[in-house]
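Next comes target-v3.cif, with mmCIF, C-alpha atoms.
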data_model
loop_
_atom_site.label_atom_id
_atom_site.label_comp_id
_atom_site.auth_asym_id
_atom_site.auth_seq_id
_atom_site.Cartn_x
_atom_site.Cartn_y
_atom_site.Cartn_z
CA MET A 1 -5.96 12.59 0.85
CA ASN A 2 -2.25 12.13 1.34
CA GLU A 3 0.32 14.12 -0.54
CA ALA A 4 1.05 12.99 -4.06
CA GLY A 5 2.92 9.91 -4.99
CA ASP A 6 3.61 7.82 -1.97
CA GLY A 7 0.78 5.50 -1.07
CA ALA A 8 -1.35 6.07 2.00
CA LYS A 9 0.42 8.45 4.36
CA VAL A 10 -0.62 9.73 7.77
CA SER A 11 1.39 11.82 10.27
CA VAL A 12 0.90 12.83 13.86
CA PHE A 13 2.93 15.08 16.18
CA VAL A 14 3.43 13.58 19.62
CA ALA A 15 4.90 15.53 22.54
CA VAL A 16 7.42 12.87 23.60
CA ALA A 17 11.00 12.11 22.52
CA PRO A 18 11.63 9.78 19.55
CA ALA A 19 12.97 7.00 21.81
CA ASP A 20 9.77 7.09 23.86
CA ALA A 21 7.62 7.24 20.76
CA PHE A 22 9.40 4.22 19.28
CA GLU A 23 9.10 2.32 22.54
CA VAL A 24 5.40 3.03 22.92
CA PHE A 25 4.74 2.15 19.30
CA THR A 26 6.55 -1.17 19.37
CA GLN A 27 6.47 -2.40 22.97
CA GLU A 28 3.18 -1.10 24.29
CA THR A 29 1.23 -1.59 21.11
CA ASP A 30 -1.62 -3.43 22.72
CA LEU A 31 -2.20 -0.62 25.21
CA TRP A 32 -2.97 2.04 22.62
CA TRP A 33 -4.08 0.08 19.55
CA ARG A 34 -7.80 0.58 19.16
CA LYS A 35 -10.16 -2.21 20.00
CA GLY A 36 -13.15 -3.50 18.11
CA PRO A 37 -13.82 -5.15 14.77
CA LYS A 38 -12.58 -2.22 12.67
CA PHE A 39 -9.14 -2.42 14.24
CA ARG A 40 -8.59 -5.96 15.42
CA ILE A 41 -9.13 -9.35 13.88
CA GLY A 42 -10.40 -10.68 17.21
CA GLY A 43 -12.96 -7.88 17.30
CA LYS A 44 -14.27 -7.38 20.82
CA ARG A 45 -12.87 -10.64 22.16
CA PRO A 46 -10.07 -10.36 24.72
CA GLY A 47 -6.68 -10.52 23.06
CA VAL A 48 -3.26 -9.04 22.58
CA LEU A 49 -1.64 -7.29 19.64
CA ALA A 50 2.16 -7.12 19.78
CA PHE A 51 5.45 -6.72 17.98
CA GLU A 52 8.41 -8.98 18.53
CA GLY A 53 11.48 -6.74 18.49
CA GLY A 54 14.10 -6.89 15.77
CA VAL A 55 14.19 -7.76 12.08
CA GLY A 56 12.25 -10.95 11.43
CA GLY A 57 10.07 -10.46 14.52
CA ARG A 58 6.35 -10.88 14.13
CA LEU A 59 3.51 -8.42 14.42
CA PHE A 60 0.76 -10.70 15.61
CA GLU A 61 -2.60 -10.75 17.27
CA THR A 62 -3.75 -13.40 19.71
CA TYR A 63 -7.39 -13.57 20.72
CA GLU A 64 -9.60 -15.86 22.71
CA ILE A 65 -12.10 -18.17 21.12
CA ALA A 66 -14.39 -20.77 22.71
CA SER A 67 -11.84 -23.58 22.36
CA GLY A 68 -8.79 -21.63 23.55
CA SER A 69 -6.87 -18.95 21.74
CA LYS A 70 -5.95 -18.16 18.16
CA THR A 71 -2.94 -16.33 16.74
CA PHE A 72 -2.87 -14.40 13.51
CA GLU A 73 0.43 -13.16 12.10
CA VAL A 74 -0.06 -9.77 10.47
CA GLY A 75 3.48 -9.73 9.12
CA ARG A 76 7.19 -9.72 9.86
CA VAL A 77 9.39 -6.79 10.81
CA THR A 78 11.67 -5.90 7.90
CA ASP A 79 13.44 -2.85 9.40
CA TRP A 80 14.02 -2.19 13.07
CA ASP A 81 16.09 0.95 13.66
CA PRO A 82 15.17 2.50 17.02
CA PRO A 83 14.46 5.32 17.56
CA THR A 84 14.02 6.49 13.98
CA ARG A 85 12.44 3.85 11.78
CA LEU A 86 10.36 0.71 11.70
CA ALA A 87 9.00 -1.23 8.75
CA PHE A 88 6.86 -4.33 8.59
CA GLU A 89 4.66 -6.38 6.30
CA TRP A 90 0.95 -6.16 6.64
CA ARG A 91 -1.43 -8.90 5.64
CA GLY A 92 -5.16 -8.73 6.13
CA VAL A 93 -7.07 -11.76 7.30
CA ASN A 94 -8.59 -12.18 3.82
CA PHE A 95 -5.31 -11.98 1.87
CA ARG A 96 -4.28 -14.96 -0.17
CA ALA A 97 -0.88 -16.64 0.17
CA GLY A 98 1.83 -14.45 -1.29
CA GLU A 99 -0.16 -11.24 -0.98
CA THR A 100 1.12 -8.57 1.32
CA THR A 101 1.36 -4.84 1.81
CA PHE A 102 4.09 -2.81 3.48
CA VAL A 103 4.02 -0.36 6.36
CA GLU A 104 6.85 2.01 7.20
CA VAL A 105 6.91 4.17 10.35
CA GLU A 106 9.30 7.08 10.74
CA PHE A 107 10.05 8.93 13.98
CA VAL A 108 11.56 12.37 13.34
CA ALA A 109 12.77 14.49 16.25
CA LYS A 110 11.17 17.94 16.52
CA ALA A 111 11.71 20.82 18.97
CA HIS A 112 9.19 19.57 21.56
CA GLY A 113 8.49 16.06 20.48
CA THR A 114 8.40 13.71 17.53
CA MET A 115 6.69 13.63 14.17
CA VAL A 116 5.47 10.09 13.55
CA THR A 117 4.64 9.22 9.95
CA VAL A 118 3.06 6.00 8.74
CA ARG A 119 3.27 5.08 5.07
CA HIS A 120 1.27 2.10 3.89
CA ARG A 121 1.96 0.84 0.40
CA GLY A 122 -0.38 -1.56 -1.24
CA TRP A 123 0.36 -4.70 -3.03
CA ALA A 124 -1.38 -7.92 -3.97
CA ALA A 125 -1.23 -10.86 -6.30
CA LEU A 126 2.51 -11.08 -6.30
CA ARG A 127 3.39 -14.72 -6.55
CA PRO A 128 6.94 -16.05 -6.91
CA ASP A 129 6.34 -16.98 -10.56
CA HIS A 130 5.06 -13.52 -11.38
CA PRO A 131 6.98 -11.84 -14.23
CA ALA A 132 7.53 -8.74 -12.12
CA ARG A 133 9.65 -10.84 -9.83
CA HIS A 134 12.31 -11.73 -12.39
CA GLY A 135 15.66 -10.28 -11.48
CA ASN A 136 14.30 -8.72 -8.32
CA VAL A 137 14.49 -10.43 -4.98
CA GLY A 138 14.28 -9.47 -1.34
CA ALA A 139 14.92 -5.88 -0.37
CA ASP A 140 15.52 -4.69 -3.94
CA PHE A 141 12.21 -6.14 -4.92
CA ASP A 142 10.41 -4.40 -2.07
CA ARG A 143 11.99 -1.11 -3.00
CA MET A 144 10.90 -1.55 -6.58
CA ILE A 145 7.35 -2.16 -5.47
CA GLY A 146 7.44 0.95 -3.33
CA MET A 147 8.61 2.99 -6.28
CA TRP A 148 6.07 1.77 -8.74
CA TRP A 149 3.30 2.19 -6.25
CA GLY A 150 4.34 5.82 -5.93
CA ASP A 151 4.40 6.30 -9.68
CA LEU A 152 1.06 4.62 -9.98
CA LEU A 153 -0.59 6.83 -7.42
CA THR A 154 0.67 9.97 -9.06
CA SER A 155 -0.64 8.64 -12.32
CA LEU A 156 -4.05 7.68 -11.00
CA ARG A 157 -4.62 10.98 -9.23
CA GLU A 158 -3.91 12.94 -12.36
CA HIS A 159 -6.06 10.58 -14.36
CA VAL A 160 -9.03 10.66 -12.01
CA ALA A 161 -8.76 14.43 -11.70
CA THR A 162 -8.82 14.76 -15.48
CA ARG A 163 -11.77 12.42 -15.92
CA ASP A 164 -13.79 13.84 -13.04
CA GLY A 165 -13.23 17.34 -14.28
CA SER A 166 -14.24 16.66 -17.85
CA MET B 1 -8.42 -6.83 -0.69
CA SER B 2 -11.03 -7.33 -3.38
CA ALA B 3 -10.49 -9.53 -6.41
CA ASP B 4 -10.88 -6.52 -8.69
CA LEU B 5 -8.23 -4.53 -6.91
CA ASP B 6 -6.05 -7.61 -6.94
CA ARG B 7 -6.38 -7.80 -10.72
CA THR B 8 -5.65 -4.11 -11.10
CA LEU B 9 -2.45 -4.41 -9.12
CA GLY B 10 -1.48 -7.62 -10.88
CA ALA B 11 -1.89 -5.95 -14.27
CA LEU B 12 0.22 -3.03 -13.14
CA ALA B 13 3.00 -5.22 -11.77
CA ASP B 14 4.79 -5.10 -15.11
CA PRO B 15 6.90 -2.06 -16.06
CA THR B 16 5.86 -2.10 -19.73
CA ARG B 17 2.19 -2.11 -18.78
CA ARG B 18 2.73 0.79 -16.42
CA ARG B 19 4.31 2.72 -19.26
CA VAL B 20 1.32 1.88 -21.46
CA VAL B 21 -0.96 3.29 -18.75
CA ASP B 22 1.21 6.38 -18.64
CA LEU B 23 0.96 6.90 -22.39
CA LEU B 24 -2.80 6.31 -22.44
CA ARG B 25 -3.29 8.92 -19.75
CA LYS B 26 -2.64 11.55 -22.36
CA LYS B 27 -4.86 10.17 -25.13
CA PRO B 28 -6.19 6.91 -26.62
CA ARG B 29 -3.66 5.20 -28.88
CA ARG B 30 -3.32 2.37 -31.38
CA ALA B 31 -1.52 -0.86 -30.42
CA GLY B 32 1.15 -0.25 -33.09
CA GLU B 33 1.79 3.22 -31.75
CA LEU B 34 2.25 1.83 -28.22
CA ALA B 35 4.59 -0.94 -29.41
CA GLU B 36 6.72 1.58 -31.24
CA ALA B 37 6.80 4.13 -28.43
CA LEU B 38 7.91 1.48 -25.92
CA ASP B 39 10.23 -0.41 -28.25
CA THR B 40 8.24 -3.63 -27.85
CA SER B 41 7.36 -6.21 -30.52
CA PRO B 42 3.72 -6.12 -31.70
CA PRO B 43 2.98 -9.65 -30.34
CA ALA B 44 4.42 -8.74 -26.94
CA MET B 45 2.42 -5.50 -26.88
CA SER B 46 -0.68 -7.43 -27.83
CA ARG B 47 -0.18 -9.71 -24.81
CA HIS B 48 0.27 -6.73 -22.50
CA LEU B 49 -2.87 -5.08 -23.84
CA ARG B 50 -4.82 -8.28 -23.28
CA VAL B 51 -3.84 -8.29 -19.59
CA LEU B 52 -4.75 -4.63 -19.24
CA ARG B 53 -8.09 -5.24 -20.95
CA LYS B 54 -8.94 -8.20 -18.70
CA SER B 55 -8.22 -6.12 -15.64
CA GLY B 56 -10.58 -3.43 -16.90
CA LEU B 57 -7.84 -0.81 -16.97
CA VAL B 58 -8.21 -0.23 -20.70
CA THR B 59 -10.88 -0.80 -23.30
CA GLU B 60 -10.49 -1.55 -26.96
CA GLU B 61 -12.53 0.19 -29.60
CA HIS B 62 -12.48 0.49 -33.34
CA ASP B 63 -11.23 3.64 -34.89
CA GLY B 64 -14.11 5.51 -36.50
CA GLU B 65 -12.30 5.93 -39.79
CA ASP B 66 -10.75 2.50 -40.20
CA ALA B 67 -12.55 -0.51 -38.71
CA ARG B 68 -9.34 -2.56 -38.79
CA VAL B 69 -7.57 -0.19 -36.44
CA ARG B 70 -8.14 -0.67 -32.73
CA MET B 71 -7.76 2.14 -30.27
CA TYR B 72 -6.97 1.62 -26.61
CA ARG B 73 -8.43 3.90 -23.98
CA LEU B 74 -7.80 4.13 -20.21
CA GLN B 75 -10.78 3.48 -17.92
CA PRO B 76 -11.11 5.38 -14.65
CA GLU B 77 -13.02 2.85 -12.54
CA PRO B 78 -10.10 0.61 -11.46
CA PHE B 79 -8.18 3.72 -10.48
CA ARG B 80 -11.10 4.92 -8.40
CA ALA B 81 -11.08 1.55 -6.59
CA LEU B 82 -7.43 2.08 -5.76
CA ARG B 83 -8.14 5.56 -4.50
CA ARG B 84 -10.92 4.25 -2.27
CA TRP B 85 -8.55 1.65 -0.86
CA ILE B 86 -6.04 4.36 -0.02
CA GLU B 87 -8.70 6.46 1.66
CA GLU B 88 -9.75 3.52 3.83
CA VAL B 89 -6.15 2.81 4.82
CA GLU B 90 -5.63 6.46 5.70
CA ALA B 91 -8.76 6.58 7.83
CA PHE B 92 -7.55 3.47 9.68
CA TRP B 93 -4.09 4.89 10.44
CA THR B 94 -5.48 8.29 11.38
CA ALA B 95 -7.56 6.60 14.08
CA GLU B 96 -4.62 4.48 15.27
CA LEU B 97 -2.15 7.37 15.40
CA ASP B 98 -4.63 9.46 17.32
CA ALA B 99 -4.91 6.69 19.92
CA PHE B 100 -1.11 6.32 19.92
CA LYS B 101 -0.60 10.05 20.55
CA GLN B 102 -3.06 10.14 23.43
CA TYR B 103 -1.49 7.14 25.10
CA ALA B 104 2.13 8.25 24.55
CA GLU B 105 1.53 11.76 25.87
CA ARG B 106 -0.38 10.49 28.87
CA THR B 107 2.32 7.99 29.86
CA ARG B 108 5.51 9.74 28.67
CA GLY B 109 4.57 13.41 28.37
CA GLY B 110 6.11 14.39 31.70
CA ARG B 111 9.65 13.36 30.79
CA ARG B 112 10.20 14.55 27.29
CA ARG B 113 13.58 15.63 26.00
CA THR B 114 14.11 19.22 24.99
#

Kindly transcribe the structure held in the file into structure tokens.
Amino acid sequence: MNEAGDGAKVSVFVAVAPADAFEVFTQETDLWWRKGPKFRIGGKRPGVLAFEGGVGGRLFETYEIASGSKTFEVGRVTDWDPPTRLAFEWRGVNFRAGETTFVEVEFVAKAHGTMVTVRHRGWAALRPDHPARHGNVGADFDRMIGMWWGDLLTSLREHVATRDGS
Amino acid sequence: MSADLDRTLGALADPTRRRVVDLLRKKPRRAGELAEALDTSPPAMSRHLRVLRKSGLVTEEHDGEDARVRMYRLQPEPFRALRRWIEEVEAFWTAELDAFKQYAERTRGGRRRT
């Protein structure tokens, strides 16, 4: 379980400099990203998973099917600040229009390498006419979602702990 | 993402409803009590409680002493579904970051900065 209050969170220490870590993460994605149905939409079929650099760039997967190839856009890059930070949207293949989640990757320099932290915040069912959207657009809106998700997780952990313990 | 989880998140998209959840964490409460605590009109609170009920986040029950009074109580199951989702996402990224580390150290490990 991740630490309290911030969505799913996973860290790893990697013995390379932040600039290298950022480069590997964003430009050699296909070379390290795991293969197979748990990790790729194309499953075991040949394909490529890649980022397009810069804000607005796509994270997409292309894979071969009988009639040619297919491309699935996982999401767009929302923050691109090498070598310290990267953020992008994340949509699963079964998400409906307007549903998305958010992934943020931080690269923090350490004495002999870099601490890489991925935070994945959940979201769904947020359509443009949704009441939560009033008065909140774009980046402010995303920040708001991040905050409430954090509050919610803190709340649910305490709640589940109370109920499970009683 | 499952339809249930979708409903849970949709219900919690509203700040007033999140505050209701917060208040109900401590103990079951009456609708009037919630409206007053959150400075919301009774009809508006009633609409919020309906959304929370439909999502399964809260249940409505009659007060033992006065059948006209309805008590609202938080239900743990939707929260467990959220927790399971988080655990799945964490397992996914743990596997990916492990693969990332192995690849990065193999290809860049020799020229790291000090």

### Task
Mind checking which residues fall within 6 Å of A:Gly113, counting all atoms listed in the file, ignoring those fewer than 2 positions away in the same chain, and posting them as a ChimeraX atom specification?
/A:14-17,110-111

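Distances from A:Glu52, A:Glu23, A:Trp32, A:Pro46 to chain B were compared using all atoms listed in the file, and the smallest one belongs to A:Trp32.
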
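Using all atoms listed in the file, the contacts of stretch 42-54 of chain B at a cut-off of 10 Å, with sequence neighbours closer than 2 positions omitted, comprise Arg7, Thr8, Gly10, Ala11, Leu12, Asp14, Thr16, Arg17, Arg18, Val20, Val21, Ala31, Gly32, Glu33, Leu34, Ala35, Glu36, Leu38, Asp39, Thr40, Gly56, Leu57, Val58, Thr59, Glu60, Tyr72, Arg73, Leu74 and Gln75 of chain B.
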
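Using only C-alpha atoms, the nearest neighbour of chain A within the list B:Ala91, B:Leu23, B:Val69, B:Ala99 is B:Ala99.
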
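Protein, DNA and RNA residues at most 8 Å from (-3.9, 1.3, 1.9), with only C-alpha atoms, are these: Gly7, Ala8, His120, Arg121 and Gly122 of chain A; Trp85, Ile86, Glu87, Glu88, Val89 and Glu90 of chain B.
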
Closest atom pairs, residues of chain B within 8 Å of chain A, all atoms listed in the file, as CSV:
residue,atom,partner,partner_atom,distance
B:Met1,CA,A:Phe95,CA,6.5
B:Asp6,CA,A:Ala124,CA,5.5
B:Arg7,CA,A:Ala125,CA,7.4
B:Leu9,CA,A:Ala124,CA,6.3
B:Gly10,CA,A:Ala125,CA,5.6
B:Ala13,CA,A:Ala132,CA,5.7
B:Asp14,CA,A:Ala132,CA,5.4
B:Pro15,CA,A:Ala132,CA,7.8
B:Arg18,CA,A:Leu152,CA,7.7
B:Asp22,CA,A:Ser155,CA,7.0
B:Arg25,CA,A:His159,CA,6.3
B:Pro76,CA,A:Val160,CA,6.3
B:Phe79,CA,A:Leu156,CA,5.7
B:Arg80,CA,A:Val160,CA,7.1
B:Arg83,CA,A:Leu156,CA,8.0
B:Ile86,CA,A:Ala8,CA,5.4
B:Glu87,CA,A:Met1,CA,6.8
B:Val89,CA,A:Ala8,CA,6.5
B:Glu90,CA,A:Ala8,CA,5.7
B:Phe92,CA,A:Phe39,CA,7.6
B:Trp93,CA,A:Val10,CA,6.5
B:Thr94,CA,A:Val10,CA,6.2
B:Ala95,CA,A:Arg34,CA,7.9
B:Glu96,CA,A:Trp33,CA,6.2
B:Leu97,CA,A:Val12,CA,6.4
B:Asp98,CA,A:Val12,CA,7.3
B:Ala99,CA,A:Trp32,CA,5.7
B:Phe100,CA,A:Trp32,CA,5.4
B:Lys101,CA,A:Val14,CA,5.4
B:Tyr103,CA,A:Trp32,CA,5.9
B:Ala104,CA,A:Val24,CA,6.4
B:Glu105,CA,A:Ala15,CA,6.1
B:Arg108,CA,A:Val16,CA,6.3
B:Gly109,CA,A:Val16,CA,5.6
B:Arg111,CA,A:Val16,CA,7.5
B:Arg112,CA,A:Val16,CA,4.9
B:Arg113,CA,A:Ala17,CA,5.6
B:Thr114,CA,A:His112,CA,6.0

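The space separating atom CA of B:Pro78 from atom CA of A:Arg76 comes to 29.3 Å.
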
### Hits from the PyMOL selection byres ((chain A and resi 80) around 10), listed as an NGL selection string
:A and (26 or 53-57 or 77-79 or 81-88 or 105)

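Between atom CA of B:Ser41 and atom CA of B:Leu24 there is a distance of 18.0 Å.
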
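Taking atom CA of A:Thr62 and atom CA of A:Lys44 as the two end points, the separation is 12.2 Å.
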
### Task
Give as JSON, numbers by chain the residues that the PyMOL selection byres ((chain A and resi 90) around 6) matches when applied to the coordinates above.
{"A": [74, 75, 89, 91, 100, 101, 102]}

Those same residues, written as an mmCIF file, in the frame of the given file with C-alpha atoms?
data_model
loop_
_atom_site.group_PDB
_atom_site.id
_atom_site.type_symbol
_atom_site.label_atom_id
_atom_site.label_comp_id
_atom_site.auth_asym_id
_atom_site.auth_seq_id
_atom_site.Cartn_x
_atom_site.Cartn_y
_atom_site.Cartn_z
ATOM 1 C CA VAL A 74 -0.060 -9.770 10.470
ATOM 2 C CA GLY A 75 3.480 -9.730 9.120
ATOM 3 C CA GLU A 89 4.660 -6.380 6.300
ATOM 4 C CA ARG A 91 -1.430 -8.900 5.640
ATOM 5 C CA THR A 100 1.120 -8.570 1.320
ATOM 6 C CA THR A 101 1.360 -4.840 1.810
ATOM 7 C CA PHE A 102 4.090 -2.810 3.480
#

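Minimum distance to B:His62 across B:Thr107, B:Gln102, B:Arg19, B:Arg30 (counting only C-alpha atoms) occurs at B:Arg30.
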
### Query
If the PyMOL selection byres ((chain A and resi 73) around 7) is run on the structure shown, which residues does it catch, given as a ChimeraX atom specification?
/A:58-61,71-72,74-75

Keeping only C-alpha atoms, write the selected residues to a file as a compact mmCIF listing (two decimals), keeping the file's coordinate frame.
# COMPACT_ATOMS: atom_id res chain seq x y z
CA ARG A 58 6.35 -10.88 14.13
CA LEU A 59 3.51 -8.42 14.42
CA PHE A 60 0.76 -10.70 15.61
CA GLU A 61 -2.60 -10.75 17.27
CA THR A 71 -2.94 -16.33 16.74
CA PHE A 72 -2.87 -14.40 13.51
CA VAL A 74 -0.06 -9.77 10.47
CA GLY A 75 3.48 -9.73 9.12

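If you count only C-alpha atoms and ignore residues fewer than 5 places along the chain from A:Ile65, what sits within 10 Å of it is Gly42, Arg45, Pro46, Gly47 and Lys70 of chain A.
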
Take stretch 75-102 of chain B, model N, CA and C atoms, and hand the result over as a PDB file, in the frame of the given file.
ATOM      1  N   GLN B  75      -9.498   3.404 -18.628  1.00  0.00           N
ATOM      2  CA  GLN B  75     -10.780   3.480 -17.920  1.00  0.00           C
ATOM      3  C   GLN B  75     -10.565   3.928 -16.478  1.00  0.00           C
ATOM      4  N   PRO B  76     -11.369   4.830 -15.995  1.00  0.00           N
ATOM      5  CA  PRO B  76     -11.110   5.380 -14.650  1.00  0.00           C
ATOM      6  C   PRO B  76     -11.526   4.503 -13.482  1.00  0.00           C
ATOM      7  N   GLU B  77     -12.450   3.554 -13.693  1.00  0.00           N
ATOM      8  CA  GLU B  77     -13.020   2.850 -12.540  1.00  0.00           C
ATOM      9  C   GLU B  77     -11.998   2.076 -11.694  1.00  0.00           C
ATOM     10  N   PRO B  78     -11.081   1.302 -12.294  1.00  0.00           N
ATOM     11  CA  PRO B  78     -10.100   0.610 -11.460  1.00  0.00           C
ATOM     12  C   PRO B  78      -9.242   1.574 -10.647  1.00  0.00           C
ATOM     13  N   PHE B  79      -8.986   2.730 -11.207  1.00  0.00           N
ATOM     14  CA  PHE B  79      -8.180   3.720 -10.480  1.00  0.00           C
ATOM     15  C   PHE B  79      -8.958   4.305  -9.313  1.00  0.00           C
ATOM     16  N   ARG B  80     -10.267   4.432  -9.513  1.00  0.00           N
ATOM     17  CA  ARG B  80     -11.100   4.920  -8.400  1.00  0.00           C
ATOM     18  C   ARG B  80     -11.097   3.903  -7.265  1.00  0.00           C
ATOM     19  N   ALA B  81     -11.106   2.599  -7.622  1.00  0.00           N
ATOM     20  CA  ALA B  81     -11.080   1.550  -6.590  1.00  0.00           C
ATOM     21  C   ALA B  81      -9.794   1.651  -5.775  1.00  0.00           C
ATOM     22  N   LEU B  82      -8.698   1.909  -6.464  1.00  0.00           N
ATOM     23  CA  LEU B  82      -7.430   2.080  -5.760  1.00  0.00           C
ATOM     24  C   LEU B  82      -7.477   3.279  -4.823  1.00  0.00           C
ATOM     25  N   ARG B  83      -8.056   4.352  -5.312  1.00  0.00           N
ATOM     26  CA  ARG B  83      -8.140   5.560  -4.500  1.00  0.00           C
ATOM     27  C   ARG B  83      -8.983   5.318  -3.247  1.00  0.00           C
ATOM     28  N   ARG B  84     -10.071   4.570  -3.431  1.00  0.00           N
ATOM     29  CA  ARG B  84     -10.920   4.250  -2.270  1.00  0.00           C
ATOM     30  C   ARG B  84     -10.149   3.419  -1.253  1.00  0.00           C
ATOM     31  N   TRP B  85      -9.363   2.477  -1.761  1.00  0.00           N
ATOM     32  CA  TRP B  85      -8.550   1.650  -0.860  1.00  0.00           C
ATOM     33  C   TRP B  85      -7.606   2.538  -0.046  1.00  0.00           C
ATOM     34  N   ILE B  86      -6.978   3.459  -0.711  1.00  0.00           N
ATOM     35  CA  ILE B  86      -6.040   4.360  -0.020  1.00  0.00           C
ATOM     36  C   ILE B  86      -6.766   5.183   1.037  1.00  0.00           C
ATOM     37  N   GLU B  87      -7.941   5.657   0.692  1.00  0.00           N
ATOM     38  CA  GLU B  87      -8.700   6.460   1.660  1.00  0.00           C
ATOM     39  C   GLU B  87      -9.068   5.651   2.897  1.00  0.00           C
ATOM     40  N   GLU B  88      -9.432   4.387   2.689  1.00  0.00           N
ATOM     41  CA  GLU B  88      -9.750   3.520   3.830  1.00  0.00           C
ATOM     42  C   GLU B  88      -8.529   3.294   4.705  1.00  0.00           C
ATOM     43  N   VAL B  89      -7.390   3.052   4.066  1.00  0.00           N
ATOM     44  CA  VAL B  89      -6.150   2.810   4.820  1.00  0.00           C
ATOM     45  C   VAL B  89      -5.775   4.068   5.607  1.00  0.00           C
ATOM     46  N   GLU B  90      -5.963   5.218   5.003  1.00  0.00           N
ATOM     47  CA  GLU B  90      -5.630   6.460   5.700  1.00  0.00           C
ATOM     48  C   GLU B  90      -6.548   6.717   6.887  1.00  0.00           C
ATOM     49  N   ALA B  91      -7.814   6.396   6.719  1.00  0.00           N
ATOM     50  CA  ALA B  91      -8.760   6.580   7.830  1.00  0.00           C
ATOM     51  C   ALA B  91      -8.377   5.655   8.993  1.00  0.00           C
ATOM     52  N   PHE B  92      -7.966   4.439   8.669  1.00  0.00           N
ATOM     53  CA  PHE B  92      -7.550   3.470   9.680  1.00  0.00           C
ATOM     54  C   PHE B  92      -6.344   4.006  10.466  1.00  0.00           C
ATOM     55  N   TRP B  93      -5.307   4.447   9.754  1.00  0.00           N
ATOM     56  CA  TRP B  93      -4.090   4.890  10.440  1.00  0.00           C
ATOM     57  C   TRP B  93      -4.294   6.223  11.167  1.00  0.00           C
ATOM     58  N   THR B  94      -5.183   7.046  10.682  1.00  0.00           N
ATOM     59  CA  THR B  94      -5.480   8.290  11.380  1.00  0.00           C
ATOM     60  C   THR B  94      -6.057   7.980  12.756  1.00  0.00           C
ATOM     61  N   ALA B  95      -6.965   7.011  12.807  1.00  0.00           N
ATOM     62  CA  ALA B  95      -7.560   6.600  14.080  1.00  0.00           C
ATOM     63  C   ALA B  95      -6.502   5.982  14.999  1.00  0.00           C
ATOM     64  N   GLU B  96      -5.644   5.135  14.442  1.00  0.00           N
ATOM     65  CA  GLU B  96      -4.620   4.480  15.270  1.00  0.00           C
ATOM     66  C   GLU B  96      -3.591   5.494  15.793  1.00  0.00           C
ATOM     67  N   LEU B  97      -3.161   6.401  14.950  1.00  0.00           N
ATOM     68  CA  LEU B  97      -2.150   7.370  15.400  1.00  0.00           C
ATOM     69  C   LEU B  97      -2.713   8.341  16.431  1.00  0.00           C
ATOM     70  N   ASP B  98      -3.978   8.613  16.324  1.00  0.00           N
ATOM     71  CA  ASP B  98      -4.630   9.460  17.320  1.00  0.00           C
ATOM     72  C   ASP B  98      -4.611   8.765  18.687  1.00  0.00           C
ATOM     73  N   ALA B  99      -4.928   7.470  18.675  1.00  0.00           N
ATOM     74  CA  ALA B  99      -4.910   6.690  19.920  1.00  0.00           C
ATOM     75  C   ALA B  99      -3.482   6.583  20.461  1.00  0.00           C
ATOM     76  N   PHE B 100      -2.529   6.404  19.552  1.00  0.00           N
ATOM     77  CA  PHE B 100      -1.110   6.320  19.920  1.00  0.00           C
ATOM     78  C   PHE B 100      -0.648   7.607  20.597  1.00  0.00           C
ATOM     79  N   LYS B 101      -0.995   8.740  20.009  1.00  0.00           N
ATOM     80  CA  LYS B 101      -0.600  10.050  20.550  1.00  0.00           C
ATOM     81  C   LYS B 101      -1.166  10.244  21.955  1.00  0.00           C
ATOM     82  N   GLN B 102      -2.436   9.960  22.107  1.00  0.00           N
ATOM     83  CA  GLN B 102      -3.060  10.140  23.430  1.00  0.00           C
ATOM     84  C   GLN B 102      -2.377   9.295  24.481  1.00  0.00           C
TER      85      GLN B 102
END
